[in-house]
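Text of data10.cif (mmCIF, C-alpha atoms) as supplied:
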data_target
#
loop_
_atom_site.label_atom_id
_atom_site.label_comp_id
_atom_site.auth_asym_id
_atom_site.auth_seq_id
_atom_site.Cartn_x
_atom_site.Cartn_y
_atom_site.Cartn_z
CA MET A 23 125.95 41.28 137.42
CA ALA A 24 127.03 44.78 138.34
CA SER A 25 130.40 44.10 136.83
CA ASN A 26 128.82 42.83 133.62
CA GLY A 27 126.46 45.79 133.50
CA LYS A 28 129.41 48.16 133.91
CA VAL A 29 131.28 46.44 131.08
CA LYS A 30 128.26 46.72 128.78
CA LEU A 31 127.86 50.42 129.63
CA SER A 32 131.53 51.06 128.93
CA SER A 33 131.30 49.20 125.62
CA GLY A 34 128.21 51.18 124.61
CA ALA A 35 129.90 54.46 125.50
CA GLN A 36 132.93 53.47 123.48
CA LYS A 37 130.77 52.67 120.44
CA LEU A 38 128.99 56.01 120.82
CA GLU A 39 132.34 57.85 120.97
CA THR A 40 133.56 55.96 117.88
CA ALA A 41 130.39 56.85 115.99
CA ARG A 42 130.79 60.49 117.00
CA LEU A 43 134.38 60.60 115.74
CA VAL A 44 133.40 58.91 112.47
CA PHE A 45 130.64 61.50 111.99
CA ILE A 46 133.07 64.36 112.64
CA TYR A 47 135.61 62.95 110.17
CA VAL A 48 132.94 62.45 107.50
CA VAL A 49 131.72 66.03 107.91
CA CYS A 50 135.31 67.34 107.73
CA VAL A 51 135.99 65.34 104.57
CA ILE A 52 132.79 66.62 102.95
CA LEU A 53 133.63 70.24 103.85
CA THR A 54 137.18 69.79 102.53
CA VAL A 55 135.89 68.43 99.23
CA LEU A 56 133.38 71.29 98.91
CA CYS A 57 136.15 73.85 99.56
CA LEU A 58 138.64 72.29 97.13
CA ALA A 59 136.16 71.42 94.36
CA PRO A 60 135.93 74.97 92.88
CA PHE A 61 139.73 75.23 92.67
CA TRP A 62 139.99 71.81 91.03
CA ILE A 63 137.23 72.65 88.51
CA MET A 64 138.99 75.92 87.70
CA LEU A 65 142.28 74.07 87.15
CA VAL A 66 140.58 71.43 84.99
CA ASN A 67 138.73 74.02 82.91
CA SER A 68 142.00 75.80 82.20
CA THR A 69 143.06 72.61 80.34
CA ARG A 70 139.83 72.34 78.30
CA SER A 71 138.69 73.98 75.08
CA SER A 72 136.03 76.68 75.00
CA ALA A 73 133.61 74.43 73.10
CA SER A 74 134.00 71.66 75.66
CA ILE A 75 133.35 74.06 78.55
CA GLN A 76 130.24 75.42 76.83
CA GLU A 77 128.94 71.89 76.24
CA HIS A 78 129.76 70.53 79.72
CA ALA A 79 130.46 73.31 82.23
CA ILE A 80 131.68 70.97 84.97
CA SER A 81 134.31 68.30 84.52
CA PHE A 82 136.71 66.71 86.97
CA ILE A 83 139.05 65.18 84.37
CA PRO A 84 141.83 67.37 82.87
CA SER A 85 142.01 67.74 79.10
CA LYS A 86 144.82 68.39 76.61
CA TYR A 87 144.30 72.04 75.65
CA LEU A 88 146.43 73.68 78.32
CA MET A 89 149.21 74.76 75.94
CA ASP A 90 146.66 75.90 73.35
CA ASN A 91 144.99 78.08 75.96
CA TRP A 92 148.38 79.39 77.06
CA SER A 93 149.30 80.38 73.50
CA LYS A 94 145.92 82.11 73.04
CA VAL A 95 146.41 83.99 76.28
CA LEU A 96 149.81 85.28 75.16
CA LYS A 97 148.41 86.38 71.79
CA GLN A 98 145.95 88.68 73.52
CA SER A 99 146.93 91.81 75.47
CA PHE A 100 147.88 89.63 78.42
CA ASN A 101 151.40 89.57 79.78
CA PRO A 102 151.29 87.29 82.85
CA PHE A 103 154.82 88.17 83.94
CA THR A 104 154.21 91.94 83.86
CA GLY A 105 150.84 91.55 85.56
CA PHE A 106 152.30 89.23 88.17
CA LYS A 107 155.16 91.63 88.90
CA ASN A 108 152.85 94.64 89.25
CA SER A 109 150.39 92.73 91.42
CA ILE A 110 153.18 91.47 93.67
CA ILE A 111 154.56 95.01 94.09
CA VAL A 112 151.17 96.52 94.87
CA SER A 113 149.95 93.72 97.15
CA THR A 114 153.21 93.32 99.09
CA CYS A 115 153.70 97.05 99.66
CA SER A 116 150.03 97.55 100.50
CA THR A 117 150.10 94.70 103.02
CA ALA A 118 153.36 95.84 104.63
CA LEU A 119 152.18 99.45 104.99
CA ALA A 120 148.72 98.51 106.25
CA VAL A 121 149.99 95.98 108.80
CA TYR A 122 152.82 98.09 110.23
CA PHE A 123 151.06 101.46 110.48
CA SER A 124 147.79 99.91 111.65
CA SER A 125 149.67 98.05 114.38
CA LEU A 126 151.49 101.26 115.32
CA THR A 127 148.22 103.20 115.51
CA ALA A 128 146.55 100.46 117.55
CA TYR A 129 149.55 100.44 119.91
CA ALA A 130 149.25 104.20 120.43
CA ILE A 131 145.53 103.91 121.17
CA SER A 132 146.03 101.01 123.59
CA VAL A 133 149.10 102.18 125.53
CA TYR A 134 149.11 105.97 125.62
CA GLU A 135 146.68 108.08 127.62
CA TRP A 136 145.60 111.34 125.97
CA LYS A 137 142.45 113.46 125.99
CA LEU A 138 141.09 112.70 122.51
CA LYS A 139 141.91 109.00 122.65
CA ASN A 140 138.31 107.76 122.76
CA ALA A 141 137.13 110.36 120.25
CA PHE A 142 139.91 109.36 117.84
CA PHE A 143 138.99 105.69 118.12
CA SER A 144 135.31 106.53 117.57
CA PHE A 145 136.30 108.47 114.46
CA ILE A 146 138.19 105.42 113.14
CA VAL A 147 135.15 103.21 113.75
CA GLY A 148 133.00 105.77 111.91
CA VAL A 149 135.35 105.82 108.91
CA MET A 150 134.92 102.03 108.67
CA MET A 151 131.30 102.61 107.64
CA ILE A 152 132.22 104.67 104.57
CA PRO A 153 132.58 102.59 101.36
CA SER A 154 135.87 103.10 99.53
CA GLN A 155 133.99 103.79 96.28
CA VAL A 156 132.55 106.96 97.82
CA THR A 157 135.99 108.51 98.31
CA MET A 158 137.38 107.26 94.99
CA ILE A 159 136.29 110.32 92.99
CA GLY A 160 138.07 112.73 95.32
CA PHE A 161 141.16 110.52 95.45
CA TYR A 162 141.26 110.28 91.65
CA GLN A 163 141.07 114.08 91.33
CA MET A 164 143.91 114.46 93.83
CA ALA A 165 145.98 111.77 92.10
CA TYR A 166 145.43 113.41 88.71
CA LYS A 167 146.51 116.84 90.01
CA PHE A 168 149.64 115.33 91.58
CA GLY A 169 150.45 113.28 88.47
CA TRP A 170 149.92 109.96 90.23
CA ASN A 171 147.89 108.35 87.45
CA ASN A 172 149.66 105.33 85.92
CA GLN A 173 151.83 105.09 89.05
CA LEU A 174 151.79 101.89 91.10
CA PHE A 175 152.44 103.67 94.39
CA ALA A 176 149.03 105.37 94.03
CA LEU A 177 147.49 101.90 94.51
CA PHE A 178 149.30 100.98 97.73
CA LEU A 179 149.99 104.35 99.40
CA PRO A 180 146.40 104.72 100.76
CA ALA A 181 146.88 101.41 102.62
CA ILE A 182 148.67 103.38 105.36
CA ALA A 183 145.20 104.35 106.61
CA SER A 184 143.29 101.11 107.20
CA PRO A 185 140.51 101.67 109.79
CA MET A 186 139.29 98.07 109.84
CA MET A 187 142.78 96.75 110.54
CA VAL A 188 143.39 99.38 113.25
CA PHE A 189 140.17 98.29 114.95
CA PHE A 190 141.17 94.61 114.80
CA MET A 191 144.72 95.25 116.07
CA ARG A 192 143.47 97.43 118.91
CA GLN A 193 141.02 94.74 120.03
CA TYR A 194 143.80 92.15 119.92
CA LEU A 195 146.18 94.28 121.97
CA GLN A 196 143.55 94.82 124.64
CA GLY A 197 143.82 91.16 125.63
CA ALA A 198 147.32 90.21 124.50
CA LEU A 199 149.53 93.10 125.64
CA SER A 200 150.50 93.60 129.25
CA HIS A 201 151.28 97.21 130.14
CA GLU A 202 153.80 96.02 132.71
CA ILE A 203 156.04 94.81 129.87
CA ILE A 204 155.98 98.28 128.31
CA GLN A 205 156.77 99.92 131.63
CA SER A 206 159.68 97.53 132.22
CA ALA A 207 161.10 98.31 128.79
CA ARG A 208 160.88 102.04 129.47
CA ILE A 209 162.60 101.63 132.84
CA ASP A 210 165.41 99.74 131.10
CA GLY A 211 165.88 102.73 128.79
CA ALA A 212 164.29 101.33 125.62
CA GLY A 213 162.91 103.88 123.18
CA GLU A 214 159.28 103.82 122.05
CA PHE A 215 159.99 102.54 118.53
CA TYR A 216 162.44 99.96 119.86
CA THR A 217 159.78 98.75 122.31
CA PHE A 218 157.19 98.56 119.57
CA ASN A 219 159.41 96.85 117.00
CA LYS A 220 161.16 94.39 119.32
CA ILE A 221 158.54 93.63 121.96
CA VAL A 222 155.04 94.49 120.73
CA LEU A 223 155.28 93.26 117.13
CA PRO A 224 156.37 89.72 118.12
CA ILE A 225 153.42 89.54 120.51
CA MET A 226 151.12 90.56 117.63
CA LYS A 227 152.38 87.89 115.22
CA PRO A 228 149.11 85.90 115.05
CA ALA A 229 147.03 89.05 114.49
CA ILE A 230 149.52 90.38 111.96
CA ALA A 231 149.50 87.10 110.01
CA THR A 232 145.70 87.02 109.94
CA GLN A 233 145.37 90.60 108.76
CA ALA A 234 148.25 90.18 106.31
CA ILE A 235 146.36 87.39 104.55
CA PHE A 236 143.18 89.42 104.34
CA SER A 237 145.04 92.54 103.21
CA PHE A 238 147.09 90.70 100.59
CA VAL A 239 144.02 88.94 99.16
CA SER A 240 142.01 92.16 99.10
CA SER A 241 144.81 94.11 97.44
CA TRP A 242 145.56 91.33 94.95
CA ASN A 243 141.91 91.04 93.85
CA ARG A 244 141.31 94.79 93.71
CA LEU A 245 139.99 95.82 90.30
CA PHE A 246 138.01 99.05 90.65
CA GLU A 247 140.84 101.34 91.79
CA PRO A 248 143.40 100.05 89.24
CA MET A 249 140.87 100.40 86.42
CA VAL A 250 140.36 104.05 87.40
CA LEU A 251 144.00 105.00 87.98
CA ILE A 252 145.94 102.76 85.56
CA SER A 253 145.70 102.84 81.77
CA ALA A 254 149.25 102.01 80.64
CA ASP A 255 149.72 98.35 79.66
CA GLU A 256 153.04 98.03 81.46
CA LYS A 257 151.42 99.12 84.77
CA LYS A 258 148.36 96.85 84.69
CA THR A 259 147.87 94.30 87.43
CA LEU A 260 147.00 90.65 86.88
CA PRO A 261 143.25 90.98 87.69
CA MET A 262 143.05 93.84 85.17
CA MET A 263 144.57 91.66 82.48
CA VAL A 264 142.25 88.77 83.32
CA SER A 265 139.24 91.07 83.00
CA LEU A 266 140.40 91.94 79.47
CA LEU A 267 140.39 88.25 78.44
CA LYS A 268 136.61 88.25 78.17
CA GLY A 269 136.86 89.90 74.78
CA ASP A 270 133.79 89.90 72.53
CA THR A 271 130.45 88.87 74.04
CA TYR A 272 129.78 86.46 71.18
CA LYS A 273 133.22 84.87 71.16
CA GLN A 274 134.79 84.20 74.51
CA GLU A 275 137.67 81.81 75.11
CA PHE A 276 136.54 80.30 78.39
CA GLY A 277 139.63 78.11 78.64
CA CYS A 278 141.84 81.22 78.53
CA ILE A 279 139.69 82.94 81.13
CA TYR A 280 139.95 79.97 83.51
CA LEU A 281 143.70 79.81 82.93
CA GLY A 282 144.03 83.50 83.77
CA LEU A 283 141.91 83.03 86.89
CA PHE A 284 144.09 80.12 87.99
CA LEU A 285 147.23 82.24 87.56
CA THR A 286 145.56 84.93 89.67
CA VAL A 287 144.54 82.55 92.49
CA LEU A 288 147.83 80.61 92.70
CA PRO A 289 149.82 83.28 94.63
CA LEU A 290 146.96 83.67 97.11
CA ILE A 291 147.06 79.95 97.90
CA ILE A 292 150.83 80.14 98.43
CA VAL A 293 150.51 83.13 100.78
CA TYR A 294 147.81 81.41 102.80
CA LEU A 295 149.86 78.22 103.15
CA LEU A 296 152.84 80.24 104.38
CA LEU A 297 150.88 82.21 107.00
CA SER A 298 148.15 79.78 108.04
CA ARG A 299 150.21 78.34 110.93
CA TYR A 300 150.24 81.77 112.58
CA ILE A 301 146.44 81.88 112.41
CA VAL A 302 146.27 78.49 114.12
CA ALA A 303 148.71 79.77 116.75
CA GLY A 304 146.52 82.80 117.30
CA VAL A 305 143.43 80.67 117.80
CA ALA A 306 145.31 78.45 120.26
CA LEU A 307 146.60 81.48 122.13
CA GLY A 308 143.08 82.88 122.42
CA SER A 309 141.70 79.58 123.71
CA VAL A 310 144.42 79.33 126.38
CA LYS A 311 143.71 82.86 127.59
CA GLY A 312 139.98 82.23 127.65
#

Would you encode the structure as structure tokens?
Amino acid sequence: MASNGKVKLSSGAQKLETARLVFIYVVCVILTVLCLAPFWIMLVNSTRSSASIQEHAISFIPSKYLMDNWSKVLKQSFNPFTGFKNSIIVSTCSTALAVYFSSLTAYAISVYEWKLKNAFFSFIVGVMMIPSQVTMIGFYQMAYKFGWNNQLFALFLPAIASPMMVFFMRQYLQGALSHEIIQSARIDGAGEFYTFNKIVLPIMKPAIATQAIFSFVSSWNRLFEPMVLISADEKKTLPMMVSLLKGDTYKQEFGCIYLGLFLTVLPLIIVYLLLSRYIVAGVALGSVKG
């Protein structure tokens, strides 16, 4: 009897575990569909005509107007290759500068001991609270006086100072970096930049990958600063060109707009797929340490 009761209990527990796993998988599938549905609708709408989109806003079946929308896009002041090139230059340089110099600043705050260390970090946290739009007027006046208008480097040069990223990197180094490693490197005669580039940066790979994705996406989607600083057609970024596809209020080619949006989102998806494994590694590393 006891043996039979134990078997029944084990069978019931197994059924409960199976039901729990099925529930988890169903929830994951539903969340995946909800996340992918907007991208699929955007892709489908880029193949539909404007009249069809106005009549039925949502459709999951592609249509046959992709090439028509592409030809209409090219007829307008939209050069996808120029916009893509400018956006790649700005986003890549902005991400590289922000990640490297923010990591370097966070390393200095975490490793070195100096009198104004805490005050400097408090100042960085305070700067995080200031919206970028507030400082845009002063930056535009400076850029105009220096002749930086219609120059792409004016869009990515300010990325050297990224308070939010410095804060994140500093918090990551507090738990991931052992000061004994730095001391050993110094005893072996390694210079400070060699130690940072060869020892600290590899340790920060998960944090760098995470912040690189956020920085690249933010820089790629940035519209306000380019609209203020850039007016030449050959210097416009892809989001600027997409914003110009709206055209007249009473006559908008929605298929062209969706096609432009899809071209804008595609590089972001590629970047995320390339760097997502580092984010997973970072989460795993944090769970092991915890």

Could you tell me, as a ChimeraX atom specification, exactly which residues end up selected when the PyMOL selection byres ((chain A and resi 60-68) around 8) is applied to this structure? /A:56-59,69-71,75,80-85,87-88,91,277-281,283-284

Residues near segment 123-135 of chain A, anyone? I mean within 8 Å using all atoms listed in the file, not counting same-chain ones fewer than 4 positions away, as a VMD selection string. chain A and resid 119 139 143 182 to 185 187 to 189 191 to 192 195 to 196 201 218 223

For a test of reading the model, state the distance in Å between atom CA of Gly213 of chain A and atom CA of Leu179 of chain A, rounded to one decimal.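 These atoms are spaced 27.1 Å apart.
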
On this file, the PyMOL selection byres ((chain A and resi 244) around 10) gives some set of residues; write that set as a PDB file with C-alpha atoms, in the coordinates of the input.
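result-v8.pdb written:
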ATOM      1  CA  SER A 109     150.390  92.730  91.420  1.00  0.00           C
ATOM      2  CA  SER A 113     149.950  93.720  97.150  1.00  0.00           C
ATOM      3  CA  LEU A 177     147.490 101.900  94.510  1.00  0.00           C
ATOM      4  CA  PHE A 238     147.090  90.700 100.590  1.00  0.00           C
ATOM      5  CA  VAL A 239     144.020  88.940  99.160  1.00  0.00           C
ATOM      6  CA  SER A 240     142.010  92.160  99.100  1.00  0.00           C
ATOM      7  CA  SER A 241     144.810  94.110  97.440  1.00  0.00           C
ATOM      8  CA  TRP A 242     145.560  91.330  94.950  1.00  0.00           C
ATOM      9  CA  ASN A 243     141.910  91.040  93.850  1.00  0.00           C
ATOM     10  CA  LEU A 245     139.990  95.820  90.300  1.00  0.00           C
ATOM     11  CA  PHE A 246     138.010  99.050  90.650  1.00  0.00           C
ATOM     12  CA  GLU A 247     140.840 101.340  91.790  1.00  0.00           C
ATOM     13  CA  PRO A 248     143.400 100.050  89.240  1.00  0.00           C
ATOM     14  CA  MET A 249     140.870 100.400  86.420  1.00  0.00           C
ATOM     15  CA  THR A 259     147.870  94.300  87.430  1.00  0.00           C
ATOM     16  CA  LEU A 260     147.000  90.650  86.880  1.00  0.00           C
ATOM     17  CA  PRO A 261     143.250  90.980  87.690  1.00  0.00           C
ATOM     18  CA  MET A 262     143.050  93.840  85.170  1.00  0.00           C
TER      19      MET A 262
END

Could you state the separation of atom CA of Arg299 of chain A and atom CA of Pro224 of chain A in Å, given to one decimal place?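 Atom-to-atom, atom CA of Arg299 of chain A to atom CA of Pro224 of chain A, that is 14.8 Å.
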
Ranking A:Gly282, A:Asn108, A:Val156, A:Val147 by minimum distance to Leu96 of chain A and counting only C-alpha atoms, which one comes first?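 Closest residue, counting only C-alpha atoms: A:Gly282.
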
Quick one: distance from atom CA of Ala181 of chain A to atom CA of Met164 of chain A in Å, one decimal? 16.0 Å

Minimum-distance residue to Cys115 of chain A, chosen among A:Ala212, A:Ala231, A:Leu43, A:Leu174 (using only C-alpha atoms):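 That would be A:Leu174, the residue with the smallest distance to Cys115 of chain A.
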
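Proximity to Ala165 of chain A was assessed for A:Gln193, A:Val250, A:Val51, A:Met151 counting all atoms listed in the file; the smallest distance is recorded for A:Val250.
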
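Comparing the minimum interatomic distances between Ser72 of chain A and each of A:Lys94, A:Phe161, A:Thr117, A:Val55, counting only C-alpha atoms, we find that A:Lys94 sits nearest.
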